[in-house]
$ cat my_file17.txt   # compact mmCIF, C-alpha atoms
# COMPACT_ATOMS: atom_id res chain seq x y z
CA MET A 1 75.57 91.06 72.63
CA ILE A 2 72.93 93.10 70.82
CA VAL A 3 72.56 96.86 71.26
CA GLN A 4 69.66 98.87 69.80
CA MET A 5 70.10 102.50 68.75
CA GLU A 6 67.28 104.73 67.51
CA ASN A 7 67.51 107.86 65.38
CA THR A 8 71.29 107.72 65.27
CA THR A 9 74.23 108.47 62.96
CA ALA A 10 77.28 106.60 61.71
CA ALA A 11 79.55 108.63 64.00
CA LYS A 12 77.47 107.66 67.04
CA ILE A 13 77.53 104.01 65.97
CA GLU A 14 81.33 103.99 65.74
CA LYS A 15 81.59 105.69 69.13
CA LYS A 16 79.30 103.05 70.65
CA LEU A 17 81.40 100.22 69.18
CA ASN A 18 84.54 101.67 70.78
CA GLN A 19 82.70 102.00 74.08
CA LEU A 20 81.63 98.34 73.95
CA ARG A 21 85.23 97.26 73.37
CA ASP A 22 86.48 99.33 76.32
CA GLU A 23 83.75 98.20 78.72
CA ASN A 24 83.32 94.55 77.78
CA GLY A 25 86.54 93.59 76.10
CA VAL A 26 84.73 92.71 72.88
CA VAL A 27 87.46 92.63 70.26
CA THR A 28 87.53 91.22 66.74
CA LEU A 29 91.11 90.56 65.68
CA GLY A 30 92.51 90.01 62.21
CA ARG A 31 89.60 91.41 60.26
CA VAL A 32 90.50 91.08 56.61
CA LEU A 33 87.77 93.10 54.92
CA THR A 34 84.61 95.15 55.24
CA LEU A 35 81.50 93.48 53.85
CA VAL A 36 78.76 95.99 53.00
CA ILE A 37 75.37 94.33 52.46
CA LEU A 38 72.82 96.45 50.63
CA ALA A 39 69.47 94.86 51.41
CA GLN A 40 65.82 95.69 51.16
CA ALA A 41 63.38 95.48 54.06
CA GLY A 42 62.45 91.83 54.58
CA HIS A 43 65.60 90.46 52.91
CA SER A 44 68.29 91.24 55.48
CA GLU A 45 68.27 88.39 58.03
CA MET A 46 69.07 85.65 55.54
CA ALA A 47 71.98 87.76 54.27
CA VAL A 48 73.27 88.39 57.81
CA GLU A 49 73.10 84.68 58.59
CA ALA A 50 75.13 83.86 55.48
CA ALA A 51 77.65 86.61 56.29
CA ASN A 52 78.08 85.35 59.87
CA TYR A 53 78.82 81.88 58.53
CA ALA A 54 81.35 83.24 56.01
CA SER A 55 83.01 85.39 58.70
CA HIS A 56 84.42 82.29 60.42
CA GLU A 57 86.60 81.83 57.34
CA HIS A 58 86.94 85.56 56.59
CA PRO A 59 86.84 87.68 59.80
CA CYS A 60 85.35 91.00 58.82
CA ARG A 61 83.20 93.93 59.76
CA ILE A 62 79.70 93.50 58.35
CA ILE A 63 77.71 96.63 57.59
CA VAL A 64 74.12 96.01 56.57
CA HIS A 65 72.06 98.83 55.11
CA VAL A 66 68.36 97.97 55.07
CA ALA A 67 66.32 100.25 52.81
CA HIS A 68 62.84 101.12 54.07
CA SER A 69 60.21 103.42 52.56
CA ARG A 70 61.46 106.69 51.11
CA THR A 71 58.19 108.34 52.03
CA ASP A 72 58.79 107.88 55.77
CA GLU A 73 60.31 110.53 57.98
CA THR A 74 64.09 110.60 57.50
CA ARG A 75 65.92 108.76 60.27
CA MET A 76 68.44 106.00 60.91
CA ASP A 77 67.88 103.21 63.42
CA ALA A 78 70.71 100.79 64.15
CA GLN A 79 71.39 97.46 65.78
CA LEU A 80 74.89 96.41 66.84
CA ARG A 81 75.78 92.73 67.17
CA VAL A 82 79.12 91.82 68.70
CA GLY A 83 80.61 88.78 70.36
CA GLY A 84 78.65 85.53 70.05
CA ASP A 85 75.82 87.21 68.15
CA ALA A 86 78.12 88.22 65.30
CA GLY A 87 80.13 85.12 64.43
CA ALA A 88 83.75 86.14 63.89
CA SER A 89 82.81 89.69 63.01
CA GLU A 90 81.02 92.84 64.07
CA VAL A 91 77.58 93.29 62.55
CA ILE A 92 76.10 96.76 62.14
CA LEU A 93 72.54 96.89 60.87
CA MET A 94 71.48 100.33 59.66
CA HIS A 95 67.77 100.78 58.95
CA GLY A 96 67.37 103.78 56.67
CA TYR A 97 64.09 105.67 56.24
CA GLY A 98 63.21 108.62 54.05
CA ASP A 99 66.30 110.21 52.49
CA LEU A 100 68.51 107.67 54.29
CA ALA A 101 66.83 104.76 52.49
CA GLU A 102 69.37 105.29 49.69
CA PRO A 103 72.75 103.73 50.63
CA THR A 104 75.66 106.05 49.92
CA GLU A 105 79.38 106.15 50.53
CA THR A 106 78.91 109.11 52.87
CA LEU A 107 76.50 107.08 54.99
CA VAL A 108 78.91 104.20 55.66
CA SER A 109 82.36 105.82 55.27
CA ALA A 110 82.81 106.40 59.01
CA LEU A 111 82.29 102.68 59.65
CA LEU A 112 84.66 101.24 57.03
CA LEU A 113 87.77 99.53 58.35
CA PRO A 114 90.90 101.53 57.47
CA ASP A 115 93.18 99.99 54.82
CA ALA A 116 90.94 96.95 54.38
CA PRO A 117 89.33 95.81 51.12
CA ILE A 118 85.63 96.53 50.66
CA VAL A 119 83.17 94.00 49.27
CA ALA A 120 79.65 95.15 48.35
CA TRP A 121 76.86 92.58 48.19
CA TRP A 122 73.31 93.03 46.91
CA PRO A 123 71.42 89.91 48.13
CA HIS A 124 68.26 90.79 46.16
CA ASP A 125 67.78 93.47 43.51
CA PHE A 126 70.74 95.65 42.56
CA PRO A 127 71.26 99.05 40.88
CA GLN A 128 71.29 99.55 37.12
CA ASN A 129 75.10 99.55 37.12
CA PRO A 130 76.58 98.20 40.38
CA SER A 131 80.11 99.47 39.64
CA GLU A 132 78.87 103.05 39.21
CA SER A 133 76.68 103.11 42.33
CA SER A 134 77.90 105.16 45.28
CA ILE A 135 79.11 102.19 47.33
CA GLY A 136 79.90 99.93 44.38
CA SER A 137 82.36 102.49 43.04
CA ILE A 138 84.56 102.18 46.17
CA ALA A 139 84.30 98.39 46.46
CA HIS A 140 87.03 96.01 45.33
CA ARG A 141 84.47 93.29 44.63
CA ARG A 142 80.76 93.61 43.83
CA ILE A 143 78.55 90.58 44.41
CA THR A 144 75.07 90.38 42.91
CA ASP A 145 72.53 87.56 42.83
CA SER A 146 70.47 87.58 39.65
CA SER A 147 68.70 84.37 40.73
CA ARG A 148 67.00 86.21 43.58
CA ALA A 149 66.13 89.34 41.62
CA ASP A 150 62.51 90.06 40.73
CA GLU A 151 63.30 89.44 37.04
CA PRO A 152 66.24 86.98 36.96
CA PHE A 153 66.84 86.73 33.21
CA ALA A 154 66.48 90.49 32.64
CA SER A 155 68.87 91.08 35.57
CA LEU A 156 71.47 88.72 34.09
CA THR A 157 71.22 90.43 30.71
CA GLN A 158 71.69 93.79 32.43
CA LEU A 159 74.81 92.51 34.23
CA ALA A 160 76.21 91.35 30.89
CA ARG A 161 75.84 94.84 29.43
CA GLN A 162 77.31 96.63 32.47
CA TYR A 163 80.11 94.22 33.43
CA THR A 164 83.18 95.75 35.10
CA PRO A 165 86.17 93.72 36.40
CA GLY A 166 85.45 92.96 40.06
CA ASP A 167 81.80 92.11 39.40
CA THR A 168 80.51 88.61 40.11
CA ASP A 169 77.16 86.92 40.51
CA LEU A 170 76.14 84.15 42.91
CA ALA A 171 74.27 82.46 40.06
CA TRP A 172 77.77 81.76 38.68
CA THR A 173 79.09 80.58 42.04
CA ARG A 174 76.27 78.04 42.37
CA ILE A 175 77.56 76.08 39.36
CA THR A 176 81.16 75.75 40.58
CA ASN A 177 80.74 72.04 41.39
CA TRP A 178 79.21 71.38 37.97
CA ARG A 179 82.10 73.10 36.22
CA VAL A 180 84.69 71.22 38.28
CA GLN A 181 83.09 67.84 37.62
CA LEU A 182 82.59 68.47 33.90
CA ALA A 183 86.21 69.61 33.49
CA ALA A 184 87.43 66.48 35.33
CA VAL A 185 85.27 64.19 33.18
CA LEU A 186 86.52 65.76 29.95
CA ASP A 187 90.11 65.32 31.13
CA GLN A 188 89.41 61.59 31.65
CA VAL A 189 87.65 61.17 28.32
CA GLY A 190 90.45 62.90 26.43
CA PRO A 191 90.15 64.84 23.18
CA VAL A 192 86.68 64.27 21.80
CA ALA A 193 84.42 66.34 19.58
CA VAL A 194 81.21 67.40 21.31
CA ARG A 195 78.37 67.78 18.79
CA GLU A 196 75.72 69.16 21.13
CA ILE A 197 75.24 70.02 24.80
CA VAL A 198 71.92 69.41 26.54
CA LEU A 199 71.02 71.07 29.86
CA GLU A 200 67.88 70.20 31.80
CA GLY A 201 66.33 72.18 34.66
CA ASN A 202 64.81 75.64 34.68
CA ALA A 203 65.27 77.11 31.20
CA VAL A 204 65.34 80.73 32.43
CA ALA A 205 67.49 80.20 35.55
CA PRO A 206 70.61 82.41 35.40
CA SER A 207 72.82 79.52 36.58
CA MET A 208 71.61 77.35 33.71
CA LEU A 209 72.29 80.05 31.12
CA LEU A 210 75.74 80.87 32.51
CA LEU A 211 76.74 77.21 32.42
CA GLY A 212 75.42 76.96 28.88
CA VAL A 213 77.50 79.95 27.74
CA TRP A 214 80.62 78.59 29.47
CA LEU A 215 80.24 75.16 27.85
CA SER A 216 79.46 76.65 24.44
CA GLN A 217 82.60 78.80 24.64
CA ARG A 218 84.88 75.99 25.77
CA LEU A 219 83.56 73.19 23.54
CA GLY A 220 82.39 75.14 20.50
CA ALA A 221 79.04 73.34 20.42
CA LYS A 222 75.43 74.42 20.43
CA VAL A 223 73.58 74.19 23.75
CA SER A 224 69.97 73.11 24.09
CA VAL A 225 68.21 74.09 27.33
CA ARG A 226 65.16 72.10 28.38
CA THR A 227 62.72 72.69 31.23
CA ASP A 228 61.96 69.50 33.13
CA GLY A 229 59.35 70.85 35.57
CA SER A 230 61.36 70.02 38.71
CA GLY A 231 61.64 73.66 39.77
CA ARG A 232 65.40 73.33 40.37
CA ALA A 233 67.81 75.41 38.34
CA LEU A 234 69.94 72.57 36.98
CA ASN A 235 69.51 68.78 37.11
CA ARG A 236 71.25 67.23 34.11
CA VAL A 237 74.10 67.96 31.71
CA ALA A 238 74.70 65.75 28.67
CA LEU A 239 77.61 66.13 26.23
CA LEU A 240 76.67 64.36 22.99
CA THR A 241 79.66 62.91 21.14
CA ASP A 242 80.16 60.41 18.30
CA GLN A 243 81.16 57.80 20.90
CA GLY A 244 78.02 58.38 22.98
CA ALA A 245 76.74 60.71 25.67
CA VAL A 246 78.78 61.87 28.66
CA GLU A 247 76.15 62.72 31.25
CA ILE A 248 75.89 64.01 34.79
CA ASN A 249 72.38 63.64 36.20
CA ARG A 250 71.41 64.88 39.69
CA PRO A 251 67.85 63.69 40.43
CA GLY A 252 67.99 64.85 44.06
CA ARG A 253 69.92 67.48 45.98
CA THR A 254 73.12 65.72 47.07
CA VAL A 255 74.23 62.87 44.77
CA ALA A 256 74.64 62.81 40.98
CA VAL A 257 75.17 59.92 38.59
CA LEU A 258 78.00 60.09 36.06
CA SER A 259 77.48 58.06 32.85
CA GLN A 260 80.21 57.59 30.23
CA PRO A 261 80.38 55.43 27.09
CA GLY A 262 81.79 51.96 27.84
CA GLN A 263 81.96 52.50 31.62
CA PRO A 264 79.64 51.65 34.51
CA ASP A 265 77.70 54.49 36.09
CA GLN A 266 79.35 56.24 39.04
CA GLN A 267 77.82 58.17 41.92
CA ILE A 268 79.49 61.47 42.77
CA ALA A 269 78.86 63.99 45.54
CA MET A 270 77.07 67.02 44.06
CA PRO A 271 75.23 68.89 46.86
CA VAL A 272 73.06 71.88 46.03
CA ARG A 273 75.06 74.88 47.18
CA ASP A 274 73.39 77.12 49.74
CA LEU A 275 73.78 80.88 50.12
CA LYS A 276 76.33 80.62 52.95
CA THR A 277 78.69 78.39 50.98
CA CYS A 278 78.49 80.56 47.87
CA LEU A 279 79.23 83.77 49.78
CA ALA A 280 82.18 82.18 51.59
CA GLU A 281 83.65 81.12 48.24
CA GLU A 282 83.32 84.61 46.76
CA LEU A 283 85.05 86.20 49.75
CA ARG A 284 88.12 84.01 49.18
CA ARG A 285 89.23 86.17 46.28
CA LEU A 286 89.46 89.92 45.99
CA ASP A 287 90.75 90.04 42.43
CA ALA A 288 88.56 89.92 39.34
CA ASP A 289 87.08 86.56 38.31
CA GLU A 290 88.42 86.42 34.75
CA VAL A 291 86.48 83.30 33.73
CA TYR A 292 83.19 84.84 34.84
CA GLY A 293 84.18 88.01 33.01
CA ASP A 294 84.77 86.07 29.78
CA VAL A 295 81.42 84.32 30.10
CA ILE A 296 79.33 87.36 30.97
CA ARG A 297 81.04 89.56 28.37
CA ALA A 298 80.29 86.98 25.68
CA GLY A 299 76.70 88.14 25.95
CA ILE A 300 73.77 85.87 26.65
CA ASP A 301 72.17 86.77 23.33
CA ALA A 302 75.34 86.04 21.34
CA ALA A 303 75.88 82.55 22.78
CA GLU A 304 74.70 79.46 20.94
CA VAL A 305 72.10 78.61 23.56
CA CYS A 306 68.49 77.86 22.71
CA THR A 307 65.56 76.71 24.84
CA ALA A 308 63.19 73.90 23.96
CA ALA A 309 60.47 76.45 23.26
CA GLU A 310 62.70 78.22 20.73
CA SER A 311 63.51 74.89 19.07
CA GLU A 312 59.82 74.10 18.81
CA GLN A 313 59.13 77.52 17.28
CA GLU A 314 61.93 77.00 14.73
CA ALA A 315 60.63 73.53 13.87
CA GLY A 316 57.12 74.95 13.54
CA ALA A 317 58.35 77.72 11.27
CA GLU A 318 60.18 75.18 9.10
CA ALA A 319 57.06 73.01 8.92
CA VAL A 320 54.96 76.02 7.87
CA ALA A 321 57.54 76.90 5.21
CA GLU A 322 57.55 73.32 3.92
CA ASP A 323 53.73 73.27 3.80
CA ALA A 324 53.77 76.53 1.85
CA VAL A 325 56.23 75.06 -0.67
CA VAL A 326 54.13 71.90 -1.07
CA GLU A 327 50.94 73.91 -1.44
CA GLU A 328 52.59 76.17 -4.03
CA THR A 329 53.87 73.10 -5.96
CA VAL A 330 50.42 71.47 -5.93
CA THR A 331 48.81 74.71 -7.12
CA GLU A 332 51.29 75.05 -9.97
CA ALA A 333 50.75 71.39 -11.01
CA SER A 334 46.98 71.83 -10.96
CA ALA A 335 47.26 74.92 -13.15
CA GLU A 336 49.47 73.09 -15.63
CA ASN A 337 47.10 70.14 -15.75
CA GLY A 338 44.17 72.48 -16.35
CA ALA A 339 46.00 74.15 -19.23
CA GLU A 340 46.75 70.78 -20.82
CA ASP A 341 43.10 69.71 -20.53
CA ARG A 342 41.94 72.91 -22.21
CA SER A 343 44.42 72.44 -25.02
$ encode --input "my_file17.txt" --output "C-alpha cells"
Amino acid sequence: MIVQMENTTAAKIEKKLNQLRDENGVVTLGRVLTLVILAQAGHSEMAVEAANYASHEHPCRIIVHVAHSRTDETRMDAQLRVGGDAGASEVILMHGYGDLAEPTETLVSALLLPDAPIVAWWPHDFPQNPSESSIGSIAHRRITDSSRADEPFASLTQLARQYTPGDTDLAWTRITNWRVQLAAVLDQVGPVAVREIVLEGNAVAPSMLLLGVWLSQRLGAKVSVRTDGSGRALNRVALLTDQGAVEINRPGRTVAVLSQPGQPDQQIAMPVRDLKTCLAEELRRLDADEVYGDVIRAGIDAAEVCTAAESEQEAGAEAVAEDAVVEETVTEASAENGAEDRS
C-alpha cells in the first residue's frame, strides 16, 4: 500500500501510520532498528530498493529524507509504503524543500522507533563530518559510500581525517570477499615473507585503496596499484614472495582464478557485490568495525601504497638525476682534458 501526503509534518505522518494499522491491520513485528537514509533528489529509489532487500534480514522502519532545492518554498511532501510495497518494513519517504531540505534530528525524531538502534546511511555525498551532523550524532552506526561520492578519493581522505567509532564505508564492505579469500590463502601457504603486493583495477577507487592499506598493514609490504582500463574497481591481487606469486585474478564478475606456486590453478566464487548485499552485511552489526577503524585511521597518505603513475614519475626523476650526474661527469672530464692540452 502506498499513501501520498502533501505539505505535511512528521506528527501527521506518524498519525497516518497508526491509522493505517487500525484500519487495515498492517503491522510490522519485531523491528530491530530504524534506518535513516539521507539522500539527494534523484538518488533515493536505488537506496530504498536496497533497504527493502536488507529489511527481510533486518526488519526495520526505513525513513528516507530526500533533499530538494533550498530555494523552493518550504514544505514537506511524504509517501508512506507499508505491506507488500515495503518489504519487511515500513518506508517513509520525506521530500524536503526550502528550509526542510536540510535533514535534522528534530525533523525525524517523532518517527524514530522507541528504544531501537538508529543507523544513518548516506547513499551518495555525505556531510563534512558524519558523526557531528544532526542525525549522525544520534546514530549508533553511520554508513557512507565514498565510491558513489562526486569525488571518491577526496571523500575517502576526508573520512580518514574525521573517523569516529561507529563509522563505516560501503567501499570497505565491497572487498569483504577479497579479504576472506586472501586470509584463507595465506593460512594455507603458511608463514611466508611477502616482498611486494600488486593490485590491478581502478587506481583511484576507494575499495582498491582500502584493500591496499589493509594488506600493507598486515603483511608489512609495499603495495603497487595499477590501472588496467577495465573500469572495475578491483580485478587482480598478487602477493609476490621468494617462492613465487600468490595471485587471485577475477577477469569477469563472478568467478576468480587462484594461482599458487607448485599448485594447479583453482576457480573460486567471487561475485561482484551489489548495493543490497553490502547494506545487509553492514546492518548485521551495530558495534564499531574495529578492523575498518584501524585501516582508515592509518591514513591513506601514510600507507605504503603507490600508483603506477607515481612509480613512473619516481623512475623518471631518478633517470633525470642520473642524466644530470653523467652530464656533470662528462663536463668535468672535458674541462680536465682541456687543461691538460693547454699545459
$ closest_residue --input "my_file17.txt" --among "A:Ala139, A:Ala221, A:Leu199, A:Ile248" --to "Asp287 of chain A" --atoms "all atoms listed in the file"
A:Ala139
$ closest_residue --input "my_file17.txt" --among "A:Arg236, A:Arg179, A:Arg141, A:His68" --to "Gly96 of chain A" --atoms "all atoms listed in the file"
A:His68
$ residues_near_point --input "my_file17.txt" --point "(66.8, 67.4, 32.8)" --cutoff "12 Å" --atoms "all atoms listed in the file" --output "MDAnalysis selection string"
chainID A and resid 197:203 208 224:238 247:252 308
$ atom_distance --input "my_file17.txt" --atom1 "atom CA of Met46 of chain A" --atom2 "atom CA of Ala256 of chain A"
27.7 Å
$ residues_around --input "my_file17.txt" --residues "Gln267 of chain A" --least-positions-apart "2" --cutoff "7 Å" --atoms "all atoms listed in the file" --output "PyMOL selection string"
chain A and resi 255-258+265+269
$ atom_distance --input "my_file17.txt" --atom1 "atom CA of Ala298 of chain A" --atom2 "atom CA of Ile118 of chain A"
27.3 Å
